[in-house]
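**Student:** Have a peek at query_12.csv (CSV, C-alpha atoms).
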```csv
chain,number,residue,atom,x,y,z
A,1,MET,CA,97.9,108.9,118.7
A,2,LEU,CA,94.6,107.5,117.3
A,3,ILE,CA,95.4,103.8,117.7
A,4,SER,CA,96.7,104.1,121.2
A,5,GLU,CA,93.5,105.9,122.3
A,6,LEU,CA,91.0,103.7,120.6
A,7,GLY,CA,92.9,100.3,120.7
A,8,PRO,CA,92.5,99.4,124.4
A,9,ALA,CA,88.9,100.6,124.3
A,10,GLY,CA,88.3,98.4,121.2
A,11,LEU,CA,89.4,95.4,123.2
A,12,ALA,CA,87.3,96.3,126.2
A,13,ALA,CA,84.3,96.7,123.9
A,14,ILE,CA,84.4,93.1,123.0
A,15,GLY,CA,85.1,91.9,126.5
A,16,LEU,CA,88.9,91.5,126.4
A,17,ASP,CA,91.3,93.0,128.8
A,18,PRO,CA,92.4,96.4,127.4
A,19,GLY,CA,95.9,95.7,129.0
A,20,LEU,CA,96.4,93.1,126.2
A,21,PHE,CA,96.7,95.8,123.6
A,22,ASP,CA,100.1,95.6,122.0
A,23,ALA,CA,100.3,97.2,118.6
A,24,GLU,CA,102.9,98.8,116.4
A,25,ILE,CA,102.7,100.8,113.2
A,26,VAL,CA,104.6,99.1,110.4
A,27,PRO,CA,105.0,99.4,106.6
A,28,GLY,CA,102.4,97.4,104.8
A,29,GLY,CA,101.3,97.0,101.2
A,30,HIS,CA,98.0,96.2,99.5
A,31,MET,CA,97.1,96.2,95.8
A,32,ALA,CA,100.5,97.7,94.8
A,33,LYS,CA,100.4,100.6,97.2
A,34,ILE,CA,102.3,101.0,100.4
A,35,ASN,CA,100.7,102.4,103.5
A,36,PRO,CA,101.2,102.2,107.3
A,37,ALA,CA,99.6,99.2,108.8
A,38,VAL,CA,98.7,98.4,112.4
A,39,LEU,CA,100.2,95.1,113.5
A,40,LEU,CA,98.4,93.9,116.7
A,41,THR,CA,99.7,91.0,118.6
A,42,LEU,CA,97.2,89.1,120.8
A,43,GLU,CA,97.5,85.8,122.7
A,44,VAL,CA,93.8,84.9,122.6
A,45,GLY,CA,91.6,82.1,121.1
A,46,ASP,CA,90.4,82.1,117.5
A,47,GLU,CA,86.9,83.4,118.2
A,48,GLN,CA,88.3,86.3,120.3
A,49,ALA,CA,90.8,87.1,117.5
A,50,ARG,CA,88.0,87.2,115.0
A,51,ARG,CA,86.0,89.5,117.2
A,52,ALA,CA,89.0,91.8,117.8
A,53,ALA,CA,89.7,91.9,114.0
A,54,ALA,CA,86.0,92.8,113.3
A,55,ALA,CA,86.0,95.5,116.0
A,56,PHE,CA,89.1,97.2,114.7
A,57,GLY,CA,88.0,96.8,111.1
A,58,TYR,CA,84.7,98.4,112.0
A,59,VAL,CA,86.1,101.3,114.1
A,60,PHE,CA,88.8,102.1,111.5
A,61,ASP,CA,86.6,101.6,108.5
A,62,GLN,CA,88.7,98.8,106.9
A,63,SER,CA,87.3,96.6,104.1
A,64,ALA,CA,89.0,93.6,105.7
A,65,VAL,CA,91.4,92.6,108.4
A,66,LEU,CA,93.8,89.7,108.2
A,67,ILE,CA,94.5,87.5,111.2
A,68,TRP,CA,97.1,84.8,111.3
A,69,ARG,CA,98.7,82.4,113.7
A,70,ASP,CA,101.9,80.3,113.1
A,71,ALA,CA,101.1,76.8,112.2
A,72,THR,CA,102.6,73.6,110.7
A,73,GLU,CA,100.1,73.7,107.8
A,74,GLY,CA,98.0,76.3,106.1
A,75,SER,CA,98.9,79.2,103.9
A,76,LEU,CA,102.4,79.7,102.9
A,77,VAL,CA,104.2,82.8,104.3
A,78,VAL,CA,107.4,84.0,102.7
A,79,ALA,CA,109.6,86.1,104.9
A,80,VAL,CA,112.0,88.5,103.3
A,81,THR,CA,114.6,89.4,105.9
A,82,LEU,CA,116.4,92.8,105.5
A,83,PRO,CA,119.0,94.5,107.6
A,84,SER,CA,116.2,96.8,108.8
A,85,VAL,CA,112.7,97.6,107.5
A,86,THR,CA,111.9,101.2,106.7
A,87,PRO,CA,109.0,102.5,104.6
A,88,THR,CA,111.3,103.4,101.8
A,89,LEU,CA,113.1,100.0,101.7
A,90,ALA,CA,109.8,98.2,102.0
A,91,ASP,CA,108.4,100.2,99.1
A,92,HIS,CA,111.4,99.5,96.9
A,93,PHE,CA,111.2,95.8,97.5
A,94,PHE,CA,107.5,95.6,97.1
A,95,ARG,CA,107.7,97.4,93.7
A,96,LEU,CA,110.5,95.1,92.6
A,97,ALA,CA,108.6,92.0,93.6
A,98,ALA,CA,105.5,93.2,91.8
A,99,ALA,CA,107.5,94.0,88.6
A,100,ILE,CA,108.9,90.5,88.6
A,101,GLU,CA,105.6,88.7,89.5
A,102,PRO,CA,102.5,91.0,89.3
A,103,ALA,CA,100.5,88.8,91.6
A,104,LEU,CA,102.8,89.7,94.4
A,105,ALA,CA,101.4,93.2,94.4
A,106,GLY,CA,98.5,91.7,96.5
A,107,GLY,CA,100.2,92.7,99.7
A,108,PHE,CA,102.6,92.3,102.6
A,109,THR,CA,103.1,93.4,106.2
A,110,ALA,CA,106.2,93.9,108.2
A,111,ARG,CA,107.3,92.4,111.5
A,112,GLY,CA,110.7,93.2,112.9
A,113,SER,CA,113.3,93.1,110.1
A,114,GLN,CA,111.0,91.0,107.8
A,115,LEU,CA,108.5,91.7,105.1
A,116,LEU,CA,105.9,89.0,105.3
A,117,PHE,CA,104.1,87.9,102.1
A,118,ILE,CA,101.2,85.4,102.7
A,119,ASN,CA,99.9,83.3,99.9
A,120,LEU,CA,96.4,83.6,101.4
A,121,ARG,CA,93.8,81.0,100.4
A,122,GLY,CA,90.1,81.4,100.1
A,123,SER,CA,87.5,79.0,101.5
A,124,ASP,CA,87.8,77.0,98.3
A,125,GLY,CA,91.5,76.4,99.1
A,126,LYS,CA,92.8,78.3,96.1
A,127,PRO,CA,95.3,81.1,96.6
A,128,PHE,CA,93.9,84.6,96.1
A,129,SER,CA,97.2,85.5,94.3
A,130,GLY,CA,96.4,82.8,91.6
A,131,LEU,CA,100.0,81.5,92.2
A,132,ALA,CA,101.0,78.1,93.4
A,133,ASP,CA,103.2,78.2,96.4
A,134,ASP,CA,106.4,77.4,94.5
A,135,ARG,CA,105.8,80.2,92.0
A,136,PHE,CA,104.9,82.6,94.8
A,137,THR,CA,108.2,81.8,96.6
A,138,ALA,CA,110.2,81.9,93.4
A,139,GLY,CA,109.0,85.4,92.5
A,140,LEU,CA,110.1,86.6,96.0
A,141,GLN,CA,113.4,84.8,95.7
A,142,ARG,CA,114.1,86.5,92.3
A,143,ALA,CA,113.3,89.9,93.9
A,144,ALA,CA,115.6,89.2,96.8
A,145,SER,CA,118.5,88.1,94.5
A,146,GLN,CA,118.1,91.4,92.6
A,147,PHE,CA,118.0,93.5,95.8
A,148,GLY,CA,121.6,94.3,96.3
A,149,GLY,CA,122.5,91.2,98.2
A,150,ILE,CA,120.9,92.4,101.4
A,151,ALA,CA,117.7,90.2,101.4
A,152,THR,CA,117.2,86.6,102.4
A,153,VAL,CA,114.1,84.5,102.0
A,154,SER,CA,112.6,81.8,104.2
A,155,THR,CA,109.2,80.1,104.3
A,156,SER,CA,106.8,78.8,106.9
A,157,ARG,CA,103.1,78.2,107.3
A,158,VAL,CA,100.3,80.1,109.0
A,159,ARG,CA,96.6,79.7,109.6
A,160,ALA,CA,95.3,82.9,108.1
A,161,VAL,CA,91.8,84.2,107.8
A,162,LEU,CA,90.6,87.3,106.2
A,163,ILE,CA,87.8,88.9,108.2
A,164,GLU,CA,85.7,91.0,105.8
A,165,ARG,CA,83.4,94.0,106.3
A,166,ALA,CA,80.4,91.7,105.7
A,167,ASP,CA,81.5,89.6,108.7
A,168,TYR,CA,81.6,92.5,111.2
A,169,PRO,CA,77.9,92.7,112.2
A,170,GLU,CA,77.6,89.1,113.1
A,171,LEU,CA,80.9,89.0,115.0
A,172,LEU,CA,80.1,92.2,116.9
A,173,ALA,CA,76.4,91.5,117.5
A,174,ALA,CA,76.7,91.7,121.3
A,175,SER,CA,79.0,94.8,121.3
A,176,LEU,CA,77.9,96.7,118.2
A,177,ALA,CA,76.6,99.7,120.1
A,178,THR,CA,79.8,100.2,122.0
A,179,VAL,CA,82.0,99.7,118.9
A,180,GLU,CA,79.7,102.2,117.0
A,181,ARG,CA,80.6,104.8,119.7
A,182,LEU,CA,84.3,104.2,119.2
A,183,LYS,CA,83.8,104.6,115.4
A,184,ALA,CA,82.1,107.9,116.1
A,185,ARG,CA,85.0,109.0,118.3
A,186,ARG,CA,87.5,108.0,115.5
A,187,ALA,CA,85.5,110.2,113.1
A,188,GLU,CA,85.7,113.1,115.7
A,189,LEU,CA,89.4,112.7,115.9
A,190,GLY,CA,89.7,112.7,112.1
A,191,GLY,CA,93.1,112.1,110.6
A,192,ARG,CA,95.1,112.5,113.8
A,193,ARG,CA,97.4,109.5,114.3
```
Can you turn what I pasted into structure tokens?

**Tutor:**
Amino acid sequence: MLISELGPAGLAAIGLDPGLFDAEIVPGGHMAKINPAVLLTLEVGDEQARRAAAAFGYVFDQSAVLIWRDATEGSLVVAVTLPSVTPTLADHFFRLAAAIEPALAGGFTARGSQLLFINLRGSDGKPFSGLADDRFTAGLQRAASQFGGIATVSTSRVRAVLIERADYPELLAASLATVERLKARRAELGGRR
């Protein structure tokens, strides 16, 4: 599996213990499309988390990587809890939510039995979705109420940061050559998962 081969090496490349690698493949959505997403759980400081995000974004050629940490203030996260999360169930809910409120097509990730929708804010403090938190929540509550009585909604807050492709070189300056070798290895392995 591509991520299990390159994941620990990616952490080692930026000076973290490769034994910290703990990832799972989960359903995720972005810009109205559902795709597998890698959910990596790390108990590290903020700067290390940013460097890890940049390393994986660089190796796997991602335009951006989202990192977040539970917090008492910050971006709203709406958790939609289902009896279980499968790609099909996640896709159906995501499409329904986007049909009810098009701005919800921005994206989600899954964790356990929850679909997590984060009303991510830019550096200006404004939500990327263009929706105030109450409207963001209301759209997901409407979708849950129309989803056959199996979905419940709860809210919390996270400190969330989007690490973008333009950020990778600066964050990886000291380890760019090593990360570049991992990216070349990923290219050799091609589409193997």

**Student:** Considering only C-alpha atoms, can you say which of A:Gln48, A:Ala138, A:Gly29, A:Ile34 comes closest to Asp17 in chain A?

**Tutor:** A:Gln48

**Student:** From the list A:Ser156, A:Gln114, A:Thr41, A:Ser4, which residue is nearest Phe93 in chain A when using only C-alpha atoms?

**Tutor:**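 The closest residue to Phe93 in chain A is A:Gln114.
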
**Student:** For the atom pair CA of Ile67 in chain A and CA of Val38 in chain A, what is the interatomic distance in Å to one decimal place?

**Tutor:**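 These atoms are spaced 11.7 Å apart.
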
**Student:** With only C-alpha atoms as the basis for distance, which of A:Ala32, A:Ile3, A:Ile118, A:Ala132 is at the shortest distance from Lys183 in chain A?

**Tutor:**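 Using only C-alpha atoms, the shortest distance to Lys183 in chain A belongs to A:Ile3.
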
**Student:** Which residue gives the smallest distance to Arg121 in chain A among A:Gly139, A:Leu82, A:Leu76, A:Asp91, with only C-alpha atoms counted?

**Tutor:**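 Using only C-alpha atoms, the shortest distance to Arg121 in chain A belongs to A:Leu76.
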
**Student:** What's the separation between CA of Gly112 in chain A and CA of Phe94 in chain A, in Å to one decimal place?

**Tutor:** 16.3 Å

**Student:** Can you tell me how far CA of Leu162 in chain A sits from CA of Thr72 in chain A, in Å to one decimal?

**Tutor:**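 Interatomic distance here is 18.8 Å.
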
**Student:** Quick one: residues within 12 Å of range 96-104 of chain A, all atoms listed in the file counted, chain neighbours fewer than 5 positions away excluded, as a VMD selection string?

**Tutor:** chain A and resid 29 to 33 78 80 89 to 91 115 to 120 127 to 133 135 to 148

**Student:** Could you check which of A:Leu189, A:Val65, A:Phe108, A:Glu164 is closest to Arg95 in chain A, using all atoms listed in the file?

**Tutor:**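 Looking at the shortest contact to Arg95 in chain A, the residue is A:Phe108.
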
**Student:** Residues near Ala13 in chain A, anyone? I mean within 7 Å using all atoms listed in the file, not counting same-chain ones fewer than 4 positions away, as a list in words.

**Tutor:**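 Non-adjacent residues within range: Ala9, Ser175, Thr178 and Val179 of chain A.
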
**Student:** When you count only C-alpha atoms, which of these residues is closest to Leu66 in chain A: A:Thr152, A:Thr109, A:Thr86, A:Ser123?

**Tutor:**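 Ranked by minimum distance to Leu66 in chain A, first place goes to A:Thr109.
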
**Student:** Show me that you can extract range 83-148 of chain A, keeping C-alpha atoms, and write it as an mmCIF file, in the first residue's frame.

**Tutor:**
```
data_model
loop_
_atom_site.group_PDB
_atom_site.id
_atom_site.type_symbol
_atom_site.label_atom_id
_atom_site.label_comp_id
_atom_site.auth_asym_id
_atom_site.auth_seq_id
_atom_site.Cartn_x
_atom_site.Cartn_y
_atom_site.Cartn_z
ATOM 1 C CA PRO A 83 -24.730 4.328 12.161
ATOM 2 C CA SER A 84 -21.605 3.643 10.088
ATOM 3 C CA VAL A 85 -19.703 5.478 7.376
ATOM 4 C CA THR A 86 -19.253 3.841 3.992
ATOM 5 C CA PRO A 87 -18.206 5.568 0.767
ATOM 6 C CA THR A 88 -21.725 5.121 -0.638
ATOM 7 C CA LEU A 89 -23.479 6.504 2.436
ATOM 8 C CA ALA A 90 -21.023 9.413 2.652
ATOM 9 C CA ASP A 91 -21.552 10.197 -1.039
ATOM 10 C CA HIS A 92 -25.350 10.198 -0.681
ATOM 11 C CA PHE A 93 -25.229 12.525 2.321
ATOM 12 C CA PHE A 94 -22.673 14.843 0.692
ATOM 13 C CA ARG A 95 -24.821 15.167 -2.453
ATOM 14 C CA LEU A 96 -27.947 15.824 -0.407
ATOM 15 C CA ALA A 97 -26.216 18.493 1.695
ATOM 16 C CA ALA A 98 -24.856 20.212 -1.439
ATOM 17 C CA ALA A 99 -28.303 20.163 -3.049
ATOM 18 C CA ILE A 100 -29.789 21.841 0.036
ATOM 19 C CA GLU A 101 -26.960 24.366 0.460
ATOM 20 C CA PRO A 102 -24.505 24.508 -2.483
ATOM 21 C CA ALA A 103 -21.704 25.997 -0.349
ATOM 22 C CA LEU A 104 -21.569 22.703 1.596
ATOM 23 C CA ALA A 105 -20.055 21.063 -1.505
ATOM 24 C CA GLY A 106 -16.710 22.518 -0.360
ATOM 25 C CA GLY A 107 -15.798 19.356 1.469
ATOM 26 C CA PHE A 108 -15.793 16.969 4.390
ATOM 27 C CA THR A 109 -13.740 14.175 5.876
ATOM 28 C CA ALA A 110 -14.792 11.151 7.880
ATOM 29 C CA ARG A 111 -13.645 9.967 11.278
ATOM 30 C CA GLY A 112 -15.208 6.906 12.856
ATOM 31 C CA SER A 113 -18.965 7.083 12.319
ATOM 32 C CA GLN A 114 -18.949 10.830 11.606
ATOM 33 C CA LEU A 115 -18.745 13.042 8.550
ATOM 34 C CA LEU A 116 -16.930 16.231 9.581
ATOM 35 C CA PHE A 117 -17.743 19.496 7.812
ATOM 36 C CA ILE A 118 -15.445 22.369 8.845
ATOM 37 C CA ASN A 119 -16.493 25.944 8.120
ATOM 38 C CA LEU A 120 -12.859 26.819 7.479
ATOM 39 C CA ARG A 121 -11.863 30.468 7.742
ATOM 40 C CA GLY A 122 -9.209 32.319 5.824
ATOM 41 C CA SER A 123 -6.576 34.622 7.312
ATOM 42 C CA ASP A 124 -9.151 37.438 7.048
ATOM 43 C CA GLY A 125 -11.470 35.520 9.405
ATOM 44 C CA LYS A 126 -14.139 35.005 6.758
ATOM 45 C CA PRO A 127 -15.447 31.492 6.031
ATOM 46 C CA PHE A 128 -14.305 30.055 2.689
ATOM 47 C CA SER A 129 -17.848 28.686 2.286
ATOM 48 C CA GLY A 130 -19.299 32.209 2.360
ATOM 49 C CA LEU A 131 -21.770 30.979 4.994
ATOM 50 C CA ALA A 132 -22.136 32.241 8.544
ATOM 51 C CA ASP A 133 -21.825 29.420 11.076
ATOM 52 C CA ASP A 134 -25.564 29.317 11.811
ATOM 53 C CA ARG A 135 -26.440 28.924 8.119
ATOM 54 C CA PHE A 136 -23.678 26.313 7.643
ATOM 55 C CA THR A 137 -25.100 24.313 10.571
ATOM 56 C CA ALA A 138 -28.697 24.766 9.440
ATOM 57 C CA GLY A 139 -27.932 23.354 5.986
ATOM 58 C CA LEU A 140 -26.423 20.216 7.509
ATOM 59 C CA GLN A 141 -29.294 19.899 9.987
ATOM 60 C CA ARG A 142 -31.786 20.034 7.085
ATOM 61 C CA ALA A 143 -29.817 17.373 5.216
ATOM 62 C CA ALA A 144 -29.715 15.167 8.330
ATOM 63 C CA SER A 145 -33.482 15.523 8.855
ATOM 64 C CA GLN A 146 -34.069 14.353 5.257
ATOM 65 C CA PHE A 147 -31.679 11.411 5.527
ATOM 66 C CA GLY A 148 -34.058 8.709 6.674
#
```
